[in-house]
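Reading through the C-alpha coordinates given below for one structure.
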Amino acid sequence: MNYSEIFHFMRPELTLIVTIALLFLFDLFAPERLRRYFHPLACVLLTVQILVNIVPTPDSGQLFGGMYQYEPMQSIVKSMLAIGTLIVFLQSNEWLRREDTAHKRGEFYLLTLSTLLGMYFMISAGNFLMFFLGMELASIPMACLIAFDKYRHNSAEAGAKYILCALFSSGLMLYGISFIYGTAGTLYFDDIRLDGSPLQIMALVFFFSGLGFKLSLVPFHLWTADAYQGAPTTVTSYLSVISKGSAAFVLMTILIKVFAPMVQEWRTILFVVIILSITVANLFAIRQQNLKRFLAFSSISQAGYIMLGVIGGSALGMTSLVYYILVYMAANLSIFGIVSAVEQHTDGKVCIEDYNGFYRTNPKLAVLMTLSLFSLAGIPPFAGFFSKFFIFMAGVKGHDVSTTMGAWAYAVVFIALVNTVISLYYYLKIVKAMYIRKSDHPLPAFQSDGNTKFALAICTVGVVLFGICSAIFNTIFELM
(Lines give C-alpha, C1' and ligand atoms only; values in the text may rest on other atoms or scores of the structure.)
Protein backbone atom coordinates (compact mmCIF):
# COMPACT_ATOMS: atom_id res chain seq x y z
CA MET A 1 0.00 0.00 0.00
CA ASN A 2 1.25 3.49 -0.88
CA TYR A 3 -0.15 6.99 -0.58
CA SER A 4 -1.36 7.04 -4.16
CA GLU A 5 -3.64 4.06 -3.41
CA ILE A 6 -5.04 5.87 -0.36
CA PHE A 7 -5.91 8.95 -2.42
CA HIS A 8 -7.24 6.71 -5.21
CA PHE A 9 -9.58 4.49 -3.18
CA MET A 10 -10.41 6.76 -0.21
CA ARG A 11 -11.23 9.82 -2.30
CA PRO A 12 -14.84 10.11 -0.96
CA GLU A 13 -13.72 10.00 2.67
CA LEU A 14 -10.75 12.33 2.19
CA THR A 15 -12.75 14.96 0.31
CA LEU A 16 -15.48 14.80 2.95
CA ILE A 17 -12.90 15.25 5.73
CA VAL A 18 -11.53 18.31 3.90
CA THR A 19 -15.09 19.68 3.63
CA ILE A 20 -15.65 19.17 7.37
CA ALA A 21 -12.31 20.80 8.21
CA LEU A 22 -13.01 23.88 6.05
CA LEU A 23 -16.48 24.35 7.56
CA PHE A 24 -15.04 23.94 11.05
CA LEU A 25 -12.40 26.62 10.40
CA PHE A 26 -15.02 28.96 8.94
CA ASP A 27 -17.25 28.46 11.97
CA LEU A 28 -14.31 29.08 14.28
CA PHE A 29 -12.74 32.15 12.69
CA ALA A 30 -15.25 33.83 10.36
CA PRO A 31 -16.35 37.29 11.52
CA GLU A 32 -20.04 37.91 12.11
CA ARG A 33 -20.52 39.85 8.86
CA LEU A 34 -19.43 36.80 6.83
CA ARG A 35 -21.49 34.21 8.68
CA ARG A 36 -24.48 34.82 6.42
CA TYR A 37 -22.46 32.98 3.77
CA PHE A 38 -22.28 29.83 5.91
CA HIS A 39 -25.16 28.09 4.14
CA PRO A 40 -23.94 28.83 0.58
CA LEU A 41 -20.42 27.75 1.56
CA ALA A 42 -21.65 24.43 3.01
CA CYS A 43 -23.75 23.70 -0.09
CA VAL A 44 -20.95 24.64 -2.51
CA LEU A 45 -18.34 22.55 -0.68
CA LEU A 46 -20.64 19.52 -0.54
CA THR A 47 -21.51 19.97 -4.23
CA VAL A 48 -17.80 19.98 -5.11
CA GLN A 49 -17.32 16.85 -3.01
CA ILE A 50 -20.14 15.15 -4.92
CA LEU A 51 -18.81 16.17 -8.33
CA VAL A 52 -15.31 14.92 -7.50
CA ASN A 53 -16.63 11.48 -6.52
CA ILE A 54 -19.75 10.97 -8.62
CA VAL A 55 -17.89 8.95 -11.28
CA PRO A 56 -16.68 5.81 -9.50
CA THR A 57 -13.20 4.40 -9.95
CA PRO A 58 -13.71 1.26 -12.09
CA ASP A 59 -11.27 -1.01 -10.24
CA SER A 60 -11.68 -2.58 -6.81
CA GLY A 61 -9.11 -2.59 -4.03
CA GLN A 62 -8.42 -2.63 -0.32
CA LEU A 63 -6.31 -0.69 2.15
CA PHE A 64 -4.86 -1.13 5.64
CA GLY A 65 -4.58 -4.89 5.35
CA GLY A 66 -8.19 -5.32 4.27
CA MET A 67 -9.86 -3.14 6.92
CA TYR A 68 -10.98 -0.75 4.19
CA GLN A 69 -12.41 -2.11 0.94
CA TYR A 70 -13.41 -0.27 -2.21
CA GLU A 71 -15.85 -1.34 -4.92
CA PRO A 72 -17.57 0.83 -7.57
CA MET A 73 -21.03 0.09 -6.14
CA GLN A 74 -19.92 1.48 -2.78
CA SER A 75 -18.90 4.73 -4.45
CA ILE A 76 -22.34 5.01 -6.10
CA VAL A 77 -24.08 4.56 -2.73
CA LYS A 78 -21.81 7.16 -1.10
CA SER A 79 -22.61 9.66 -3.85
CA MET A 80 -26.34 8.97 -3.39
CA LEU A 81 -26.07 9.65 0.33
CA ALA A 82 -24.08 12.83 -0.29
CA ILE A 83 -26.69 14.09 -2.78
CA GLY A 84 -29.42 13.37 -0.24
CA THR A 85 -27.45 15.29 2.39
CA LEU A 86 -27.10 18.24 0.00
CA ILE A 87 -30.88 18.28 -0.48
CA VAL A 88 -31.31 18.27 3.32
CA PHE A 89 -28.90 21.23 3.55
CA LEU A 90 -30.91 23.13 0.94
CA GLN A 91 -34.14 22.49 2.82
CA SER A 92 -32.64 23.51 6.16
CA ASN A 93 -31.88 27.14 5.27
CA GLU A 94 -35.17 28.64 6.51
CA TRP A 95 -35.02 26.66 9.74
CA LEU A 96 -31.38 27.61 10.39
CA ARG A 97 -32.12 31.32 9.88
CA ARG A 98 -34.48 31.24 12.83
CA GLU A 99 -33.38 33.36 15.78
CA ASP A 100 -32.98 30.40 18.12
CA THR A 101 -30.95 28.29 15.64
CA ALA A 102 -28.92 30.84 13.65
CA HIS A 103 -26.03 30.70 16.12
CA LYS A 104 -25.88 26.89 15.82
CA ARG A 105 -25.56 26.60 12.03
CA GLY A 106 -21.97 25.45 12.26
CA GLU A 107 -22.85 22.65 14.65
CA PHE A 108 -25.61 21.44 12.35
CA TYR A 109 -23.37 21.18 9.28
CA LEU A 110 -20.48 19.60 11.16
CA LEU A 111 -22.62 17.04 12.99
CA THR A 112 -24.48 16.09 9.81
CA LEU A 113 -21.30 15.63 7.78
CA SER A 114 -19.72 13.68 10.65
CA THR A 115 -22.58 11.18 10.54
CA LEU A 116 -22.15 10.97 6.77
CA LEU A 117 -18.44 10.24 7.23
CA GLY A 118 -19.31 7.44 9.65
CA MET A 119 -21.68 5.97 7.05
CA TYR A 120 -18.88 6.09 4.48
CA PHE A 121 -16.65 4.03 6.76
CA MET A 122 -19.49 1.58 7.45
CA ILE A 123 -20.03 1.07 3.73
CA SER A 124 -16.35 0.44 2.95
CA ALA A 125 -15.54 -1.59 6.06
CA GLY A 126 -13.75 -4.90 5.52
CA ASN A 127 -13.43 -5.59 9.23
CA PHE A 128 -16.02 -5.64 11.99
CA LEU A 129 -13.99 -3.20 14.07
CA MET A 130 -13.93 -0.65 11.24
CA PHE A 131 -17.64 -1.23 10.70
CA PHE A 132 -18.44 -0.68 14.38
CA LEU A 133 -16.38 2.50 14.60
CA GLY A 134 -18.13 3.84 11.51
CA MET A 135 -21.52 3.00 12.98
CA GLU A 136 -20.73 4.81 16.22
CA LEU A 137 -19.41 7.83 14.30
CA ALA A 138 -22.75 7.89 12.49
CA SER A 139 -24.90 7.31 15.58
CA ILE A 140 -23.52 9.61 18.28
CA PRO A 141 -23.67 12.90 16.29
CA MET A 142 -27.14 11.81 15.15
CA ALA A 143 -28.34 11.92 18.75
CA CYS A 144 -27.02 15.49 19.00
CA LEU A 145 -28.91 16.41 15.82
CA ILE A 146 -32.16 14.92 17.12
CA ALA A 147 -31.82 16.96 20.34
CA PHE A 148 -30.79 20.07 18.36
CA ASP A 149 -33.93 22.05 19.28
CA LYS A 150 -33.64 21.06 22.92
CA TYR A 151 -36.02 23.81 24.11
CA ARG A 152 -38.73 23.09 21.50
CA HIS A 153 -40.99 20.23 20.42
CA ASN A 154 -39.71 17.55 22.82
CA SER A 155 -36.40 17.47 20.96
CA ALA A 156 -34.35 16.72 24.07
CA GLU A 157 -36.63 13.81 24.98
CA ALA A 158 -36.34 12.42 21.45
CA GLY A 159 -32.55 12.67 21.59
CA ALA A 160 -32.48 10.87 24.95
CA LYS A 161 -34.65 8.04 23.64
CA TYR A 162 -32.51 7.70 20.54
CA ILE A 163 -29.18 7.59 22.35
CA LEU A 164 -30.44 5.12 24.97
CA CYS A 165 -31.76 2.76 22.29
CA ALA A 166 -28.56 3.26 20.29
CA LEU A 167 -26.49 2.30 23.34
CA PHE A 168 -28.40 -0.94 23.87
CA SER A 169 -28.30 -1.85 20.17
CA SER A 170 -24.56 -1.10 19.96
CA GLY A 171 -23.95 -3.24 23.04
CA LEU A 172 -25.89 -6.13 21.53
CA MET A 173 -24.03 -5.82 18.26
CA LEU A 174 -20.63 -5.68 19.95
CA TYR A 175 -21.57 -8.75 21.98
CA GLY A 176 -22.41 -10.57 18.74
CA ILE A 177 -19.15 -9.44 17.14
CA SER A 178 -17.26 -10.86 20.13
CA PHE A 179 -18.93 -14.22 19.47
CA ILE A 180 -17.77 -14.08 15.86
CA TYR A 181 -14.22 -13.35 16.95
CA GLY A 182 -14.35 -16.10 19.56
CA THR A 183 -15.51 -18.75 17.09
CA ALA A 184 -13.76 -17.59 13.89
CA GLY A 185 -10.57 -16.08 15.36
CA THR A 186 -10.67 -12.97 13.15
CA LEU A 187 -12.76 -9.88 12.43
CA TYR A 188 -11.82 -9.54 8.75
CA PHE A 189 -14.78 -10.25 6.50
CA ASP A 190 -12.74 -12.17 3.92
CA ASP A 191 -11.12 -14.45 6.52
CA ILE A 192 -14.16 -15.37 8.61
CA ARG A 193 -15.33 -18.98 8.15
CA LEU A 194 -18.64 -19.82 9.78
CA ASP A 195 -20.23 -23.23 10.27
CA GLY A 196 -23.57 -22.32 11.87
CA SER A 197 -22.72 -23.25 15.47
CA PRO A 198 -25.06 -22.06 18.25
CA LEU A 199 -22.67 -19.24 19.21
CA GLN A 200 -22.55 -18.06 15.61
CA ILE A 201 -26.33 -18.13 15.37
CA MET A 202 -26.44 -15.94 18.49
CA ALA A 203 -23.85 -13.67 16.87
CA LEU A 204 -26.06 -13.36 13.80
CA VAL A 205 -29.11 -12.51 15.91
CA PHE A 206 -27.24 -9.87 17.92
CA PHE A 207 -25.65 -8.35 14.82
CA PHE A 208 -29.00 -8.19 13.06
CA SER A 209 -30.57 -6.59 16.13
CA GLY A 210 -28.03 -3.78 16.05
CA LEU A 211 -28.65 -2.93 12.41
CA GLY A 212 -32.37 -3.55 12.85
CA PHE A 213 -32.35 -0.56 15.20
CA LYS A 214 -30.69 1.62 12.55
CA LEU A 215 -33.28 0.48 9.99
CA SER A 216 -36.23 0.81 12.39
CA LEU A 217 -37.34 -2.73 11.65
CA VAL A 218 -39.99 -4.30 13.88
CA PRO A 219 -39.44 -5.18 16.75
CA PHE A 220 -36.52 -2.71 16.99
CA HIS A 221 -38.66 0.28 15.99
CA LEU A 222 -40.07 1.58 19.28
CA TRP A 223 -37.87 4.68 19.33
CA THR A 224 -38.77 5.76 15.80
CA ALA A 225 -42.07 7.64 16.12
CA ASP A 226 -41.00 9.63 19.20
CA ALA A 227 -37.62 10.52 17.70
CA TYR A 228 -39.14 11.56 14.37
CA GLN A 229 -41.77 13.70 16.09
CA GLY A 230 -39.38 15.38 18.53
CA ALA A 231 -36.46 16.01 16.19
CA PRO A 232 -36.34 19.08 13.94
CA THR A 233 -38.09 18.18 10.69
CA THR A 234 -34.91 18.64 8.65
CA VAL A 235 -33.10 16.19 10.92
CA THR A 236 -36.02 13.77 10.69
CA SER A 237 -35.77 13.76 6.90
CA TYR A 238 -32.04 13.01 7.14
CA LEU A 239 -32.62 10.26 9.68
CA SER A 240 -35.40 8.62 7.65
CA VAL A 241 -33.53 8.47 4.36
CA ILE A 242 -29.74 8.82 4.59
CA SER A 243 -29.21 6.79 7.76
CA LYS A 244 -31.66 4.10 6.67
CA GLY A 245 -30.14 3.82 3.19
CA SER A 246 -26.61 3.28 4.43
CA ALA A 247 -27.70 0.70 7.02
CA ALA A 248 -29.68 -1.30 4.44
CA PHE A 249 -26.73 -1.47 2.04
CA VAL A 250 -24.31 -2.45 4.80
CA LEU A 251 -26.65 -5.13 6.15
CA MET A 252 -26.95 -6.83 2.77
CA THR A 253 -23.20 -6.58 2.15
CA ILE A 254 -22.23 -8.20 5.45
CA LEU A 255 -24.91 -10.91 5.27
CA ILE A 256 -23.58 -11.95 1.87
CA LYS A 257 -19.87 -11.58 2.62
CA VAL A 258 -19.74 -12.94 6.18
CA PHE A 259 -22.91 -14.90 6.90
CA ALA A 260 -23.30 -16.62 3.50
CA PRO A 261 -22.85 -20.12 5.04
CA MET A 262 -25.80 -19.33 7.35
CA VAL A 263 -28.14 -18.18 4.60
CA GLN A 264 -31.04 -20.34 5.83
CA GLU A 265 -30.86 -18.79 9.28
CA TRP A 266 -30.75 -15.14 8.23
CA ARG A 267 -33.38 -15.61 5.55
CA THR A 268 -35.71 -17.06 8.17
CA ILE A 269 -35.10 -14.02 10.38
CA LEU A 270 -35.72 -11.71 7.45
CA PHE A 271 -39.00 -13.43 6.51
CA VAL A 272 -40.41 -12.81 9.98
CA VAL A 273 -39.04 -9.28 10.32
CA ILE A 274 -40.27 -8.19 6.88
CA ILE A 275 -43.82 -9.41 7.53
CA LEU A 276 -43.91 -7.75 10.96
CA SER A 277 -42.35 -4.48 9.77
CA ILE A 278 -44.65 -3.95 6.82
CA THR A 279 -47.85 -5.13 8.53
CA VAL A 280 -47.40 -3.52 11.96
CA ALA A 281 -46.20 -0.23 10.47
CA ASN A 282 -49.15 -0.06 8.08
CA LEU A 283 -51.67 -0.71 10.85
CA PHE A 284 -50.15 1.95 13.10
CA ALA A 285 -49.77 4.47 10.27
CA ILE A 286 -53.53 4.38 9.70
CA ARG A 287 -54.14 5.64 13.25
CA GLN A 288 -51.70 8.57 13.22
CA GLN A 289 -52.83 12.20 13.30
CA ASN A 290 -49.39 13.81 13.52
CA LEU A 291 -47.78 13.89 10.08
CA LYS A 292 -44.24 13.28 11.36
CA ARG A 293 -45.36 10.22 13.33
CA PHE A 294 -47.26 9.09 10.25
CA LEU A 295 -44.09 9.35 8.17
CA ALA A 296 -42.19 7.48 10.90
CA PHE A 297 -44.43 4.41 10.49
CA SER A 298 -44.32 4.87 6.73
CA SER A 299 -40.50 4.68 6.91
CA ILE A 300 -40.71 1.48 8.98
CA SER A 301 -42.93 -0.06 6.32
CA GLN A 302 -40.59 1.10 3.55
CA ALA A 303 -37.65 -0.48 5.41
CA GLY A 304 -39.52 -3.78 5.28
CA TYR A 305 -39.87 -3.45 1.51
CA ILE A 306 -36.16 -2.63 1.18
CA MET A 307 -35.31 -5.87 2.99
CA LEU A 308 -37.02 -7.86 0.21
CA GLY A 309 -33.95 -7.14 -1.89
CA VAL A 310 -31.76 -8.80 0.74
CA ILE A 311 -33.71 -12.08 0.60
CA GLY A 312 -32.44 -12.94 -2.89
CA GLY A 313 -28.81 -12.31 -1.97
CA SER A 314 -28.05 -11.78 -5.67
CA ALA A 315 -26.81 -9.02 -7.97
CA LEU A 316 -30.43 -8.28 -8.87
CA GLY A 317 -31.27 -8.02 -5.17
CA MET A 318 -28.45 -5.55 -4.49
CA THR A 319 -29.33 -3.50 -7.58
CA SER A 320 -33.02 -3.42 -6.61
CA LEU A 321 -32.12 -2.40 -3.06
CA VAL A 322 -29.91 0.50 -4.20
CA TYR A 323 -32.51 1.60 -6.78
CA TYR A 324 -35.29 1.45 -4.16
CA ILE A 325 -33.22 3.61 -1.79
CA LEU A 326 -32.64 6.14 -4.58
CA VAL A 327 -36.35 6.41 -5.39
CA TYR A 328 -37.35 6.43 -1.71
CA MET A 329 -34.84 9.21 -1.08
CA ALA A 330 -36.39 11.43 -3.77
CA ALA A 331 -39.98 10.91 -2.59
CA ASN A 332 -39.38 11.12 1.15
CA LEU A 333 -37.11 14.17 1.01
CA SER A 334 -39.74 15.93 -1.09
CA ILE A 335 -42.47 15.24 1.48
CA PHE A 336 -40.30 16.25 4.43
CA GLY A 337 -39.23 19.39 2.59
CA ILE A 338 -42.86 20.45 2.22
CA VAL A 339 -43.66 19.54 5.84
CA SER A 340 -40.66 21.59 6.99
CA ALA A 341 -41.69 24.57 4.85
CA VAL A 342 -45.23 24.45 6.23
CA GLU A 343 -43.93 24.14 9.77
CA GLN A 344 -41.67 27.18 9.42
CA HIS A 345 -44.43 29.38 7.98
CA THR A 346 -47.28 28.32 10.29
CA ASP A 347 -45.63 28.23 13.71
CA GLY A 348 -45.20 24.48 13.83
CA LYS A 349 -48.37 22.94 12.37
CA VAL A 350 -47.66 19.26 11.57
CA CYS A 351 -51.02 17.50 12.05
CA ILE A 352 -52.77 15.87 9.10
CA GLU A 353 -55.96 17.84 9.73
CA ASP A 354 -53.95 21.05 9.41
CA TYR A 355 -53.56 20.20 5.72
CA ASN A 356 -57.32 20.31 5.09
CA GLY A 357 -57.82 22.56 2.07
CA PHE A 358 -54.07 22.83 1.47
CA TYR A 359 -54.58 22.71 -2.31
CA ARG A 360 -56.68 25.88 -2.26
CA THR A 361 -54.01 27.99 -0.59
CA ASN A 362 -50.78 26.31 -1.82
CA PRO A 363 -51.66 24.35 -4.99
CA LYS A 364 -48.09 23.86 -6.22
CA LEU A 365 -46.86 22.36 -2.94
CA ALA A 366 -49.99 20.18 -2.77
CA VAL A 367 -49.30 18.78 -6.25
CA LEU A 368 -45.65 18.07 -5.43
CA MET A 369 -46.64 16.32 -2.20
CA THR A 370 -49.25 14.27 -4.06
CA LEU A 371 -46.67 13.07 -6.60
CA SER A 372 -44.32 11.98 -3.82
CA LEU A 373 -47.10 10.22 -1.88
CA PHE A 374 -48.14 8.38 -5.05
CA SER A 375 -44.53 7.29 -5.52
CA LEU A 376 -44.28 5.97 -1.94
CA ALA A 377 -47.56 4.10 -2.47
CA GLY A 378 -46.24 2.51 -5.68
CA ILE A 379 -48.77 4.04 -8.07
CA PRO A 380 -47.70 4.03 -11.75
CA PRO A 381 -46.17 5.74 -13.66
CA PHE A 382 -44.11 7.21 -10.83
CA ALA A 383 -40.72 5.84 -9.81
CA GLY A 384 -42.06 4.13 -6.69
CA PHE A 385 -44.07 1.71 -8.82
CA PHE A 386 -40.95 0.52 -10.65
CA SER A 387 -38.86 0.33 -7.48
CA LYS A 388 -41.50 -1.89 -5.86
CA PHE A 389 -41.73 -4.01 -9.00
CA PHE A 390 -37.97 -4.63 -9.03
CA ILE A 391 -37.81 -5.28 -5.28
CA PHE A 392 -40.67 -7.81 -5.51
CA MET A 393 -38.98 -9.51 -8.45
CA ALA A 394 -35.68 -9.67 -6.56
CA GLY A 395 -37.45 -11.21 -3.55
CA VAL A 396 -38.65 -14.26 -5.48
CA LYS A 397 -35.97 -14.63 -8.17
CA GLY A 398 -33.96 -17.80 -7.75
CA HIS A 399 -36.43 -19.37 -5.30
CA ASP A 400 -38.19 -22.61 -6.11
CA VAL A 401 -41.74 -22.50 -4.81
CA SER A 402 -41.66 -26.27 -4.28
CA THR A 403 -39.05 -25.88 -1.51
CA THR A 404 -39.78 -24.62 2.00
CA MET A 405 -37.61 -21.50 1.70
CA GLY A 406 -38.94 -20.80 -1.78
CA ALA A 407 -42.55 -21.05 -0.58
CA TRP A 408 -41.72 -18.67 2.28
CA ALA A 409 -40.17 -16.18 -0.14
CA TYR A 410 -43.24 -16.17 -2.38
CA ALA A 411 -45.53 -15.89 0.67
CA VAL A 412 -43.58 -12.92 2.05
CA VAL A 413 -43.70 -11.11 -1.29
CA PHE A 414 -47.44 -11.80 -1.54
CA ILE A 415 -48.01 -10.37 1.97
CA ALA A 416 -45.94 -7.33 1.02
CA LEU A 417 -48.06 -6.91 -2.10
CA VAL A 418 -51.27 -7.03 -0.04
CA ASN A 419 -49.82 -4.47 2.35
CA THR A 420 -49.10 -2.19 -0.60
CA VAL A 421 -52.85 -2.01 -1.13
CA ILE A 422 -53.33 -1.17 2.56
CA SER A 423 -50.72 1.58 2.31
CA LEU A 424 -52.72 3.21 -0.49
CA TYR A 425 -55.42 3.97 2.06
CA TYR A 426 -53.29 5.94 4.48
CA TYR A 427 -51.26 7.74 1.81
CA LEU A 428 -54.50 8.82 0.13
CA LYS A 429 -55.77 10.10 3.49
CA ILE A 430 -53.34 12.99 3.15
CA VAL A 431 -54.32 13.55 -0.49
CA LYS A 432 -57.97 13.60 0.61
CA ALA A 433 -57.19 16.18 3.29
CA MET A 434 -55.40 18.45 0.83
CA TYR A 435 -57.94 18.30 -2.00
CA ILE A 436 -61.37 17.30 -0.61
CA ARG A 437 -61.69 18.24 3.03
CA LYS A 438 -62.51 21.83 3.82
CA SER A 439 -61.22 23.90 6.69
CA ASP A 440 -62.48 27.08 8.31
CA HIS A 441 -58.86 28.03 8.98
CA PRO A 442 -56.74 26.59 6.15
CA LEU A 443 -52.99 26.93 6.07
CA PRO A 444 -52.05 30.38 4.77
CA ALA A 445 -50.51 30.85 1.34
CA PHE A 446 -46.76 31.37 1.55
CA GLN A 447 -43.63 31.46 -0.60
CA SER A 448 -40.74 29.12 0.19
CA ASP A 449 -37.18 30.37 -0.22
CA GLY A 450 -35.18 29.61 -3.36
CA ASN A 451 -33.16 26.83 -1.73
CA THR A 452 -36.28 24.90 -0.76
CA LYS A 453 -37.77 25.35 -4.22
CA PHE A 454 -34.59 24.05 -5.85
CA ALA A 455 -34.48 21.03 -3.50
CA LEU A 456 -38.14 20.20 -4.18
CA ALA A 457 -37.51 20.52 -7.92
CA ILE A 458 -34.66 18.00 -7.73
CA CYS A 459 -36.80 15.56 -5.75
CA THR A 460 -39.79 15.91 -8.08
CA VAL A 461 -37.64 15.31 -11.16
CA GLY A 462 -36.35 12.17 -9.44
CA VAL A 463 -39.85 10.94 -8.58
CA VAL A 464 -40.96 11.34 -12.21
CA LEU A 465 -37.83 10.38 -14.17
CA PHE A 466 -36.24 7.59 -12.11
CA GLY A 467 -39.01 5.25 -13.19
CA ILE A 468 -39.07 6.29 -16.85
CA CYS A 469 -35.31 6.26 -17.43
CA SER A 470 -34.40 2.57 -17.41
CA ALA A 471 -30.74 3.50 -17.91
CA ILE A 472 -30.51 4.32 -14.19
CA PHE A 473 -31.37 0.78 -13.09
CA ASN A 474 -29.19 -0.71 -15.84
CA THR A 475 -26.20 1.43 -14.82
CA ILE A 476 -26.48 0.30 -11.21
CA PHE A 477 -26.78 -3.33 -12.33
CA GLU A 478 -23.68 -3.08 -14.54
CA LEU A 479 -21.61 -1.89 -11.58
CA MET A 480 -22.30 -5.10 -9.65
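Residues in the C-alpha coordinates are numbered from 1 in each chain, the chains being A, B, ... in the order shown, and ligands are numbered from 1 in the order shown.
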Could you name the residues that touch Phe9 (chain A) at 8 Å or less, counting only C-alpha atoms, but leaving out those on the same chain fewer than 5 positions away, as a VMD selection string? chain A and resid 57 61 to 62 70
Contact residues around Leu164 (chain A) with only C-alpha atoms at 12 Å, ignoring same-chain residues under 4 positions, as a ChimeraX atom specification: /A:139-140,143,157-160,168-171,213,222-223,227
Neighbours of Tyr324 (chain A) within 8 Å (only C-alpha atoms; same-chain residues fewer than 6 positions away dropped), as a list of chain:residue names? A:Ile306, A:Gly384, A:Ser387, A:Lys388, A:Ile391
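Comparing the minimum interatomic distances between Ala445 (chain A) and each of A:Ile146, A:Ile256, A:Val342, A:Val412, counting only C-alpha atoms, we find that A:Val342 sits nearest.
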Residue list (strand (DSSP E or B), DSSP) for region 54-252 of chain A, as a PyMOL selection string: chain A and resi 61-63+68-70+125+127+188
Test item: residues at most 12 Å from Ile472 (chain A), only C-alpha atoms, excluding those fewer than 5 positions along its chain, as a count of residues only: 18
Based on DSSP run over this structure's backbone, return all residues of region 121-170 of chain A in helix (DSSP H, G or I), as a VMD selection string. chain A and resid 121 to 124 128 to 146 155 to 170
Could you check which of A:Ile458, A:Leu368, A:Ile476, A:Ile325 is closest to Ser75 (chain A), using only C-alpha atoms?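 Between A:Ile458, A:Leu368, A:Ile476, A:Ile325, the residue approaching Ser75 (chain A) most closely is A:Ile476.
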Using only C-alpha atoms, which residues sit within 7 Å of region 230-235 of chain A once same-chain residues fewer than 2 positions away are excluded, as a PyMOL selection string? chain A and resi 88+92+145-147+149+153-155+158+226-228+237-239+336+340
